[in-house]
Amino acid sequence: MDTLEKKYYKISEVAELLNIPASTLRFWEKNFTIIKPKRNDHGTRFYTPADIDKIAMIHYLVKERGLKLDAAQEQIRSNPHGIERRHQTVARLKEMRANVQAMLDALNSRR
């Protein structure tokens with residue numbers, strides 16, 4: 001998540017960034033100890049870019065790889081750096097694929 005510019009993000013912003021419901025974020029916060037957003041006096045959650053990276057890693061494990069929550073937690077516990085690197089590699093590959101597809105679409109539209 002190199003494009004994150006703010007110091008803190010509200011739950012609705014994180015949900016929009018990652019394209020997942022806010023209720024999923026709240027559920028994952030209860031089940032994954034690595035997600036610890038700061039809260040103000042009113043209980044509003046504030047996520048740092050590091051929190052968002054961790055949530056994106058969980059999203060990768062649970063939604064993209066199809067792991068159950070217990071298996072995802074074990075993966076994070078046993079090999080957090082390997083999972084993070086793999087997630088970053090997959091994200092870069094998806095970005096590259098989207099760029100190539102955009103170039104192909106532009107070429108095809110010129111025909």
# chains A, B, ... in the order shown; residues from 1 in each chain; ligands from 1

$ select_by_dssp --residues "chain A" --states "alpha helix (DSSP H)" --output "number ranges by chain"
A: 11-18, 22-31, 49-59, 69-78, 80-109

$ residues_around --residues "stretch 54-60 of chain A" --least-positions-apart "2" --cutoff "8 Å" --atoms "only C-alpha atoms" --output "number ranges by chain"
A: 18, 25, 34-35, 50-52, 62-65, 72, 83-84, 87

$ atom_distance --atom1 "atom CA of A:Pro37" --atom2 "atom CA of A:Val14"
11.2 Å

$ decode --residues "stretch 33-69 of chain A" --atoms "C-alpha atoms" --output "mmCIF file, in the first residue's frame"
data_model
loop_
_atom_site.group_PDB
_atom_site.id
_atom_site.type_symbol
_atom_site.label_atom_id
_atom_site.label_comp_id
_atom_site.auth_asym_id
_atom_site.auth_seq_id
_atom_site.Cartn_x
_atom_site.Cartn_y
_atom_site.Cartn_z
ATOM 1 C CA THR A 33 -4.377 -9.918 17.426
ATOM 2 C CA ILE A 34 -2.120 -8.143 14.911
ATOM 3 C CA ILE A 35 -4.872 -5.621 14.104
ATOM 4 C CA LYS A 36 -4.897 -2.973 16.817
ATOM 5 C CA PRO A 37 -6.313 0.333 15.599
ATOM 6 C CA LYS A 38 -6.087 3.338 17.866
ATOM 7 C CA ARG A 39 -9.365 4.643 19.286
ATOM 8 C CA ASN A 40 -10.445 8.067 20.434
ATOM 9 C CA ASP A 41 -12.634 8.799 23.468
ATOM 10 C CA HIS A 42 -15.755 8.111 21.410
ATOM 11 C CA GLY A 43 -14.489 4.681 20.292
ATOM 12 C CA THR A 44 -13.821 5.675 16.695
ATOM 13 C CA ARG A 45 -11.159 3.441 15.160
ATOM 14 C CA PHE A 46 -8.115 5.007 13.503
ATOM 15 C CA TYR A 47 -5.957 2.715 11.376
ATOM 16 C CA THR A 48 -2.328 3.460 10.509
ATOM 17 C CA PRO A 49 -0.852 2.516 7.124
ATOM 18 C CA ALA A 50 0.899 -0.384 8.927
ATOM 19 C CA ASP A 51 -2.495 -1.611 10.195
ATOM 20 C CA ILE A 52 -3.857 -1.402 6.649
ATOM 21 C CA ASP A 53 -0.935 -3.465 5.343
ATOM 22 C CA LYS A 54 -1.678 -6.138 7.961
ATOM 23 C CA ILE A 55 -5.360 -6.144 7.036
ATOM 24 C CA ALA A 56 -4.433 -6.448 3.353
ATOM 25 C CA MET A 57 -2.267 -9.459 4.248
ATOM 26 C CA ILE A 58 -5.209 -11.056 6.083
ATOM 27 C CA HIS A 59 -7.455 -10.270 3.118
ATOM 28 C CA TYR A 60 -4.955 -12.017 0.846
ATOM 29 C CA LEU A 61 -4.859 -15.125 3.035
ATOM 30 C CA VAL A 62 -8.583 -15.386 3.739
ATOM 31 C CA LYS A 63 -10.256 -14.075 0.601
ATOM 32 C CA GLU A 64 -7.723 -14.771 -2.151
ATOM 33 C CA ARG A 65 -6.029 -17.944 -0.930
ATOM 34 C CA GLY A 66 -9.198 -19.243 0.729
ATOM 35 C CA LEU A 67 -7.704 -20.063 4.120
ATOM 36 C CA LYS A 68 -9.914 -20.383 7.166
ATOM 37 C CA LEU A 69 -9.292 -17.889 9.978
#
